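All remarks here apply to the structure that follows.
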Amino acid sequence: MPRDPAKKIAILGLMLESNAFAPVTTEADFRSRVLLRGEEILTDLASGEPKLPTEICGFVAAMNETATWVPAPILVGLVEAGGPLEHGFFRQCHEEMRQRLIAAMPIDGVYISNHGAMITTETKDPDGEIFAMVREVVGRDVPVVATLDLHGNVSERMVESADVIVAYRTNPHVDMLDRGREAARALQALFGGMQPESTMIRLPVTPPTVTLLTDEGPYADLINFGQSLIDDDILNVSILGGFAYSDTPKNGLAIIVTGRRRNGAAVRVARKIAAQAWSEYRRYTPLLTPLDAAVERVLAVAHDPALPAVILADVADNPGGGGNGNTMWIIEALHMAGATGVIAGVIYDPALAAEATSLGEGADFEAVFNRVEPDAFSRRFSVRARVKRVRDGDCVGRRGFYAGRKMNLGPTVLLDIGGIEIVVVSIRTQCADPIFLERMGLDIGKARAVVVKSRGHFRAGFNEFFTHDQVIEVDAPGLTSPILSRFDFKNLPRPVYPVDADVTWSVPA
């Protein structure tokens, strides 16, 4: 029996989670992480340790297993969360994607791998512009599927331009491979004649990041409720908590339901989920531990071996949310209190890493963190330190969010400032994987306290050392503070909870 003719599938994406209050993201930032074009994408996929987004790897694996197809690699970029993307570079990528897509025509299908919360220095919906461009080039009859981070801010243009949108369902994000596979299955269903119906409902709620965990809490309950409604009529339920710091008119908890047929089931399910979400919206209130209380806990743990060790999450300076990754409030407070048995990382300070590298292992010197203060959050901190270890930045993620992904942290050093050992890196990265500390010779299991620059992804990486009860989310200053009332939002749809206390809303008819 002859095989079905090979389907030609375009693969593209530009992944950035933009914090409107953070420094501008540039082309150099993408080049230091991932910026691949054409055949470079296939070469990376064929390597044993790809740098590409994990969902793309899942999509390709599923297509290889179940379909006869030919990939048409376009352009894929991935970078750590940061500020708005420099608009000129976005326009350059957008046009290159368009031209490469045109050159690849005719196309049978398209897979878009975006984050969903990107903004540029000039526009609030660049993700929507990419989606709309793809639809314009390939036409209405070519299936388009997309995956998004559950922190994406979804616009109507995105929903209208794609046939199926699949968002992550886990936070910490450990299901990207599965969601890529799900997108591949959706594309094959579209090839089989499925006529989907998608609908979106957005609520006036911008959940703080620490309230969006999916093991327990309000978001976990909502995700589980949505999944319980999937049946023969419903293909996918995606509930995106969004990313408040993008500060856009499309911010707000978004419910996207895709039905397998145009019979109104998607709308009915979306309304049911929206009603459930609104009935519990006040649960999205962050509860953090004051800095002085966190320091007291560390001191108690250090003096009493019978107490379980703790991990302090510097949620307000999370590079994974656009934080600088260099604020020293927690470390300075622990040092002033005489804390011992503490590991901290990873601190982004290229100048300090370069100086320590040049001095070499064993050198004692005055370590100056943030010698040029980028803002009021990242203030200067000077302390005597010893260089314990110098390494390059190449590694492969071991657990959780970065598992199996090739990473580069730039020149990296381990500094000892007494009772605290600090890992300093040269490429801004969220400390979501224990390998970032272990590769410097640190034994996490023997530490009494660990301080990580991460909001939540560290939970999946460090859960072999720390249970939920051992996690302390610290209230300190920073660009990613979960206390949203501290930010001067300009573009959020108002009123919106919890920025505003009094919000009224009802499920739209």
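Ordered as shown in the structure tokens, chains take letters A, B, and onward, while each chain numbers its residues from 1 and ligands are numbered from 1 in the order shown.
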
key: 10 Å contact set for Leu409 in chain A, only C-alpha atoms, chain neighbours under 3 positions out, as a list in words   =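 Non-adjacent residues within range: Ser32, Arg33, Val346, Tyr348, Arg391, Asp392, Gly393, Asp394, Cys395, Thr412, Val424, Val425, Ser426, Ile427, Arg428, Thr429 and Phe436 of chain A.
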
Writing out the chosen residues with all heavy atoms as a short mmCIF file (atom, residue, chain, number, x, y, z; two decimals), in the first residue's frame:
data_model
loop_
_atom_site.label_atom_id
_atom_site.label_comp_id
_atom_site.auth_asym_id
_atom_site.auth_seq_id
_atom_site.Cartn_x
_atom_site.Cartn_y
_atom_site.Cartn_z
N SER A 32 23.44 34.91 22.84
CA SER A 32 24.13 34.25 23.95
C SER A 32 23.38 33.01 24.42
O SER A 32 23.93 32.18 25.16
CB SER A 32 24.29 35.22 25.13
OG SER A 32 23.05 35.48 25.77
N ARG A 33 22.13 32.85 23.98
CA ARG A 33 21.32 31.71 24.40
C ARG A 33 20.95 30.83 23.20
O ARG A 33 21.57 29.81 22.96
CB ARG A 33 20.06 32.21 25.13
CG ARG A 33 19.29 31.14 25.86
CD ARG A 33 20.05 30.58 27.06
NE ARG A 33 19.23 29.69 27.84
CZ ARG A 33 18.45 30.09 28.84
NH1 ARG A 33 18.41 31.37 29.18
NH2 ARG A 33 17.73 29.22 29.51
N VAL A 346 22.12 31.56 41.44
CA VAL A 346 23.36 32.03 40.84
C VAL A 346 23.25 33.54 40.65
O VAL A 346 22.24 34.02 40.19
CB VAL A 346 23.66 31.33 39.49
CG1 VAL A 346 24.03 29.87 39.73
CG2 VAL A 346 22.46 31.39 38.53
N TYR A 348 24.21 37.01 38.96
CA TYR A 348 24.67 37.51 37.66
C TYR A 348 25.51 38.75 37.87
O TYR A 348 25.01 39.82 38.23
CB TYR A 348 23.47 37.81 36.76
CG TYR A 348 23.81 38.54 35.48
CD1 TYR A 348 24.65 37.95 34.54
CD2 TYR A 348 23.28 39.80 35.22
CE1 TYR A 348 24.96 38.60 33.37
CE2 TYR A 348 23.58 40.46 34.04
CZ TYR A 348 24.41 39.87 33.11
OH TYR A 348 24.72 40.52 31.95
N ARG A 391 35.33 28.10 36.77
CA ARG A 391 34.90 27.16 35.74
C ARG A 391 34.39 27.91 34.52
O ARG A 391 34.02 29.10 34.59
CB ARG A 391 33.76 26.27 36.27
CG ARG A 391 34.14 25.33 37.39
CD ARG A 391 34.93 24.14 36.88
NE ARG A 391 34.23 23.41 35.84
CZ ARG A 391 33.33 22.44 36.07
NH1 ARG A 391 33.02 22.10 37.31
NH2 ARG A 391 32.77 21.79 35.07
N ASP A 392 34.32 27.19 33.36
CA ASP A 392 33.61 27.76 32.22
C ASP A 392 32.11 27.59 32.48
O ASP A 392 31.70 27.04 33.50
CB ASP A 392 34.04 27.10 30.91
CG ASP A 392 33.73 25.61 30.85
OD1 ASP A 392 32.80 25.16 31.55
OD2 ASP A 392 34.42 24.89 30.10
N GLY A 393 31.29 28.03 31.56
CA GLY A 393 29.86 28.01 31.83
C GLY A 393 29.09 26.91 31.17
O GLY A 393 27.85 26.90 31.20
N ASP A 394 29.76 25.95 30.54
CA ASP A 394 29.07 24.90 29.81
C ASP A 394 28.55 23.81 30.76
O ASP A 394 29.30 23.31 31.60
CB ASP A 394 29.99 24.25 28.78
CG ASP A 394 30.36 25.21 27.65
OD1 ASP A 394 29.55 26.11 27.36
OD2 ASP A 394 31.46 25.08 27.08
N CYS A 395 27.28 23.45 30.61
CA CYS A 395 26.71 22.37 31.39
C CYS A 395 25.44 21.88 30.72
O CYS A 395 24.95 22.49 29.77
CB CYS A 395 26.42 22.81 32.83
SG CYS A 395 25.21 24.14 32.97
N THR A 412 32.28 31.28 35.26
CA THR A 412 31.59 31.11 36.54
C THR A 412 32.60 30.92 37.66
O THR A 412 33.60 30.22 37.49
CB THR A 412 30.66 29.87 36.47
OG1 THR A 412 29.75 30.03 35.37
CG2 THR A 412 29.87 29.71 37.75
N VAL A 424 28.77 32.83 41.15
CA VAL A 424 28.60 34.04 40.33
C VAL A 424 28.77 33.65 38.87
O VAL A 424 29.77 33.02 38.50
CB VAL A 424 29.62 35.13 40.72
CG1 VAL A 424 29.39 36.40 39.89
CG2 VAL A 424 29.54 35.44 42.21
N VAL A 425 27.81 34.05 38.03
CA VAL A 425 27.83 33.68 36.61
C VAL A 425 27.91 34.93 35.74
O VAL A 425 27.73 36.06 36.21
CB VAL A 425 26.60 32.85 36.23
CG1 VAL A 425 26.54 31.56 37.04
CG2 VAL A 425 25.31 33.65 36.42
N SER A 426 28.14 34.69 34.44
CA SER A 426 28.31 35.80 33.51
C SER A 426 27.19 35.92 32.49
O SER A 426 27.16 36.87 31.70
CB SER A 426 29.65 35.66 32.76
OG SER A 426 30.73 35.63 33.67
N ILE A 427 26.29 34.94 32.46
CA ILE A 427 25.10 35.02 31.61
C ILE A 427 23.90 34.86 32.53
O ILE A 427 23.78 33.86 33.25
CB ILE A 427 25.11 33.93 30.52
CG1 ILE A 427 26.27 34.16 29.55
CG2 ILE A 427 23.79 33.92 29.75
CD1 ILE A 427 26.39 33.10 28.46
N ARG A 428 23.03 35.84 32.52
CA ARG A 428 21.89 35.87 33.45
C ARG A 428 21.00 34.65 33.25
O ARG A 428 20.47 34.41 32.18
CB ARG A 428 21.09 37.17 33.22
CG ARG A 428 20.02 37.46 34.27
CD ARG A 428 19.44 38.86 34.03
NE ARG A 428 18.92 38.96 32.68
CZ ARG A 428 17.68 38.66 32.32
NH1 ARG A 428 16.83 38.22 33.23
NH2 ARG A 428 17.29 38.78 31.07
N THR A 429 20.83 33.88 34.33
CA THR A 429 20.09 32.62 34.25
C THR A 429 19.39 32.36 35.57
O THR A 429 19.95 32.60 36.65
CB THR A 429 21.05 31.45 33.96
OG1 THR A 429 21.83 31.74 32.79
CG2 THR A 429 20.28 30.15 33.74
N PHE A 436 23.77 23.82 38.46
CA PHE A 436 24.46 25.12 38.44
C PHE A 436 25.33 25.30 39.68
O PHE A 436 26.34 26.00 39.63
CB PHE A 436 23.45 26.26 38.37
CG PHE A 436 22.59 26.26 37.13
CD1 PHE A 436 21.41 26.99 37.08
CD2 PHE A 436 22.94 25.52 36.01
CE1 PHE A 436 20.62 27.00 35.95
CE2 PHE A 436 22.15 25.52 34.88
CZ PHE A 436 20.99 26.26 34.85
#

What are the closest atom pairs, with distances in Å to one decimal, for each residue of range 113-224 of chain A lying within 10 Å of range 16-22 of chain A, using only C-alpha atoms, rows by chain and rising residue number, as JSON lines?
{"residue": "A:Asn114", "atom": "CA", "partner": "A:Leu16", "partner_atom": "CA", "distance": 7.6}
{"residue": "A:His115", "atom": "CA", "partner": "A:Leu16", "partner_atom": "CA", "distance": 5.9}
{"residue": "A:Gly116", "atom": "CA", "partner": "A:Glu17", "partner_atom": "CA", "distance": 7.1}
{"residue": "A:Ala117", "atom": "CA", "partner": "A:Glu17", "partner_atom": "CA", "distance": 4.8}
{"residue": "A:Met118", "atom": "CA", "partner": "A:Ser18", "partner_atom": "CA", "distance": 4.8}
{"residue": "A:Ile119", "atom": "CA", "partner": "A:Ser18", "partner_atom": "CA", "distance": 5.7}
{"residue": "A:Thr120", "atom": "CA", "partner": "A:Ser18", "partner_atom": "CA", "distance": 8.0}
{"residue": "A:Thr121", "atom": "CA", "partner": "A:Ala20", "partner_atom": "CA", "distance": 8.9}
{"residue": "A:Lys124", "atom": "CA", "partner": "A:Ala20", "partner_atom": "CA", "distance": 9.8}
{"residue": "A:Asp127", "atom": "CA", "partner": "A:Leu16", "partner_atom": "CA", "distance": 9.5}
{"residue": "A:Asp149", "atom": "CA", "partner": "A:Glu17", "partner_atom": "CA", "distance": 9.0}
{"residue": "A:His151", "atom": "CA", "partner": "A:Glu17", "partner_atom": "CA", "distance": 8.1}
{"residue": "A:Gly152", "atom": "CA", "partner": "A:Glu17", "partner_atom": "CA", "distance": 7.7}
{"residue": "A:Asn153", "atom": "CA", "partner": "A:Glu17", "partner_atom": "CA", "distance": 9.5}

Within 9 Å of range 45-63 of chain A, which residues of range 111-195 of chain A show up? Give each one with its shortest atom-to-atom distance in Å (one decimal) and the two atoms involved, counting only C-alpha atoms, rows by chain then rising residue number, as CSV.
residue,atom,partner,partner_atom,distance
A:Tyr111,CA,A:Phe59,CA,8.4
A:Ile112,CA,A:Ile56,CA,8.9
A:Ser113,CA,A:Ile56,CA,6.8
A:Thr147,CA,A:Glu55,CA,7.6
A:Asp175,CA,A:Glu55,CA,8.3
A:Met176,CA,A:Glu55,CA,4.7
A:Leu177,CA,A:Gly58,CA,4.4
A:Asp178,CA,A:Gly58,CA,6.3
A:Arg179,CA,A:Glu55,CA,6.2
A:Gly180,CA,A:Glu55,CA,4.2
A:Arg181,CA,A:Phe59,CA,4.6
A:Glu182,CA,A:Phe59,CA,7.5
A:Ala183,CA,A:Phe59,CA,6.5
A:Ala184,CA,A:Phe59,CA,5.3
A:Arg185,CA,A:Ala62,CA,7.6
A:Gln188,CA,A:Met63,CA,8.6

key: Nearest to Pro477 in chain A, chosen from A:Ala385, A:Ala316, A:Ala509, A:Ala403, with only C-alpha atoms counted in the distances   =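 For Pro477 in chain A, the nearest of the candidates is A:Ala316.
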
task = Would you list the contacts of Glu160 in chain A as a PyMOL selection string, taking every protein, DNA or RNA residue within 12 Å and counting only C-alpha atoms, but skipping same-chain residues closer than 6 positions in sequence?
result = chain A and resi 128-129+131-136+140+144-146+154+196-200+256+258

key: Selection near Glu421 in chain A, 12 Å with only C-alpha atoms, sequence-local residues under 2 positions removed, as a PyMOL selection string   = chain A and resi 331+334-335+339-347+385-389+413-419+423-424+437+440-444+447-451

Could the residues in this selection be saved with N, CA, C and O atoms as a short mmCIF file (atom, residue, chain, number, x, y, z; two decimals), in the first residue's frame?
data_model
loop_
_atom_site.label_atom_id
_atom_site.label_comp_id
_atom_site.auth_asym_id
_atom_site.auth_seq_id
_atom_site.Cartn_x
_atom_site.Cartn_y
_atom_site.Cartn_z
N ILE A 331 21.38 37.93 50.75
CA ILE A 331 22.75 37.51 51.08
C ILE A 331 23.40 38.48 52.07
O ILE A 331 24.07 38.07 53.02
N LEU A 334 21.97 37.90 55.53
CA LEU A 334 22.49 36.68 56.13
C LEU A 334 23.94 36.86 56.58
O LEU A 334 24.34 36.40 57.65
N HIS A 335 24.72 37.56 55.77
CA HIS A 335 26.12 37.81 56.12
C HIS A 335 26.22 38.68 57.36
O HIS A 335 27.02 38.38 58.27
N ALA A 339 25.32 34.19 59.42
CA ALA A 339 24.80 32.88 59.02
C ALA A 339 25.92 32.01 58.46
O ALA A 339 26.85 32.50 57.80
N THR A 340 25.82 30.71 58.72
CA THR A 340 26.81 29.76 58.21
C THR A 340 26.10 28.57 57.56
O THR A 340 24.91 28.35 57.75
N GLY A 341 26.88 27.84 56.78
CA GLY A 341 26.33 26.67 56.10
C GLY A 341 25.38 27.03 54.98
O GLY A 341 24.47 26.25 54.65
N VAL A 342 25.60 28.20 54.35
CA VAL A 342 24.69 28.71 53.33
C VAL A 342 25.34 28.64 51.95
O VAL A 342 26.52 28.97 51.77
N ILE A 343 24.57 28.20 50.96
CA ILE A 343 24.96 28.25 49.55
C ILE A 343 24.01 29.22 48.86
O ILE A 343 22.81 29.21 49.12
N ALA A 344 24.54 30.06 47.98
CA ALA A 344 23.70 31.03 47.27
C ALA A 344 24.05 31.05 45.79
O ALA A 344 25.22 30.95 45.43
N GLY A 345 23.04 31.17 44.95
CA GLY A 345 23.31 31.26 43.51
C GLY A 345 22.02 31.32 42.72
O GLY A 345 20.95 31.13 43.26
N VAL A 346 22.12 31.56 41.44
CA VAL A 346 23.36 32.03 40.84
C VAL A 346 23.25 33.54 40.65
O VAL A 346 22.24 34.02 40.19
N ILE A 347 24.31 34.25 41.04
CA ILE A 347 24.32 35.71 40.98
C ILE A 347 24.91 36.15 39.65
O ILE A 347 26.01 35.72 39.27
N ALA A 385 36.30 38.22 50.21
CA ALA A 385 35.95 36.92 49.65
C ALA A 385 37.18 36.16 49.22
O ALA A 385 38.24 36.75 48.96
N ARG A 386 37.05 34.86 49.15
CA ARG A 386 38.10 33.99 48.61
C ARG A 386 37.56 33.28 47.38
O ARG A 386 36.42 32.79 47.39
N VAL A 387 38.38 33.22 46.34
CA VAL A 387 38.00 32.50 45.12
C VAL A 387 38.25 31.02 45.35
O VAL A 387 39.39 30.58 45.45
N LYS A 388 37.18 30.23 45.41
CA LYS A 388 37.32 28.80 45.67
C LYS A 388 37.40 27.97 44.39
O LYS A 388 38.06 26.92 44.37
N ARG A 389 36.68 28.44 43.35
CA ARG A 389 36.68 27.63 42.13
C ARG A 389 36.36 28.52 40.93
O ARG A 389 35.55 29.44 41.03
N VAL A 413 32.33 31.56 38.80
CA VAL A 413 33.24 31.43 39.95
C VAL A 413 32.45 31.12 41.21
O VAL A 413 31.27 31.46 41.33
N LEU A 414 33.13 30.47 42.14
CA LEU A 414 32.58 30.22 43.46
C LEU A 414 33.36 31.06 44.46
O LEU A 414 34.58 30.93 44.57
N LEU A 415 32.65 31.93 45.17
CA LEU A 415 33.26 32.81 46.16
C LEU A 415 32.82 32.40 47.56
O LEU A 415 31.64 32.07 47.78
N ASP A 416 33.75 32.44 48.49
CA ASP A 416 33.46 32.15 49.90
C ASP A 416 33.58 33.45 50.68
O ASP A 416 34.65 34.08 50.71
N ILE A 417 32.47 33.87 51.32
CA ILE A 417 32.52 35.10 52.10
C ILE A 417 32.34 34.81 53.59
O ILE A 417 31.77 35.59 54.34
N GLY A 418 32.85 33.65 54.00
CA GLY A 418 32.75 33.27 55.40
C GLY A 418 31.84 32.07 55.51
O GLY A 418 32.19 30.96 55.11
N GLY A 419 30.65 32.28 56.01
CA GLY A 419 29.71 31.17 56.14
C GLY A 419 28.82 30.99 54.93
O GLY A 419 27.94 30.13 54.94
N VAL A 423 27.80 31.37 44.10
CA VAL A 423 28.14 31.09 42.71
C VAL A 423 27.78 32.32 41.87
O VAL A 423 26.64 32.79 41.90
N VAL A 424 28.77 32.83 41.15
CA VAL A 424 28.60 34.04 40.33
C VAL A 424 28.77 33.65 38.87
O VAL A 424 29.77 33.02 38.50
N LEU A 437 24.95 24.68 40.79
CA LEU A 437 25.72 24.74 42.03
C LEU A 437 26.66 23.55 42.16
O LEU A 437 27.82 23.69 42.57
N MET A 440 30.14 23.40 40.62
CA MET A 440 31.18 24.18 41.30
C MET A 440 31.71 23.43 42.53
O MET A 440 32.43 24.01 43.35
N GLY A 441 31.34 22.15 42.67
CA GLY A 441 31.84 21.35 43.77
C GLY A 441 31.04 21.45 45.05
O GLY A 441 31.47 20.96 46.09
N LEU A 442 29.86 22.07 44.99
CA LEU A 442 29.04 22.26 46.19
C LEU A 442 28.17 21.04 46.45
O LEU A 442 27.60 20.45 45.53
N ASP A 443 28.04 20.67 47.72
CA ASP A 443 27.20 19.55 48.14
C ASP A 443 25.92 20.12 48.74
O ASP A 443 25.88 20.52 49.91
N ILE A 444 24.87 20.17 47.93
CA ILE A 444 23.61 20.78 48.36
C ILE A 444 23.02 20.04 49.55
O ILE A 444 22.44 20.64 50.46
N ALA A 447 24.24 21.41 52.90
CA ALA A 447 24.00 22.82 53.23
C ALA A 447 22.84 22.93 54.22
O ALA A 447 21.88 22.15 54.18
N ARG A 448 22.93 23.90 55.10
CA ARG A 448 21.83 24.17 56.03
C ARG A 448 20.80 25.09 55.40
O ARG A 448 19.63 25.11 55.81
N ALA A 449 21.25 25.90 54.45
CA ALA A 449 20.33 26.80 53.74
C ALA A 449 20.87 27.06 52.35
O ALA A 449 22.09 27.14 52.14
N VAL A 450 19.96 27.15 51.40
CA VAL A 450 20.32 27.48 50.02
C VAL A 450 19.46 28.66 49.59
O VAL A 450 18.25 28.69 49.85
N VAL A 451 20.10 29.65 48.98
CA VAL A 451 19.38 30.80 48.45
C VAL A 451 19.42 30.72 46.93
O VAL A 451 20.51 30.61 46.34
#

Range 156-193 of chain A: residues DSSP assigns to strand (DSSP E), reported as a list in words = Val164, Ile165, Val166 and Ala167 of chain A

request  = Would you list the contacts of range 94-107 of chain A as number ranges by chain, taking every protein, DNA or RNA residue within 12 Å and counting only C-alpha atoms, but skipping same-chain residues closer than 5 positions in sequence?
outcome  = A: 6-14, 36-39, 69-77, 87-89, 112, 126-139, 141-144

query = Pick from A:Thr285, A:Ser382, A:Pro84, A:Thr170: nearest to Ser238 in chain A, with only C-alpha atoms counted?
reply =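 Distance minimum relative to Ser238 in chain A lands on A:Thr170.
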
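CA of Val205 in chain A lies 10.8 Å from CA of Arg283 in chain A.
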
inquiry  = Could you pull out the helix (DSSP H, G or I) residues of range 11-89 of chain A, going by DSSP on the backbone, and write them as a PyMOL selection string?
reply    = chain A and resi 27-33+39-46+54-66+87-89

request  = Work out how far CA of Arg455 in chain A is from CA of Phe401 in chain A, in Å to one decimal.
outcome  =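 Between CA of Phe401 in chain A and CA of Arg455 in chain A the gap is 12.3 Å.
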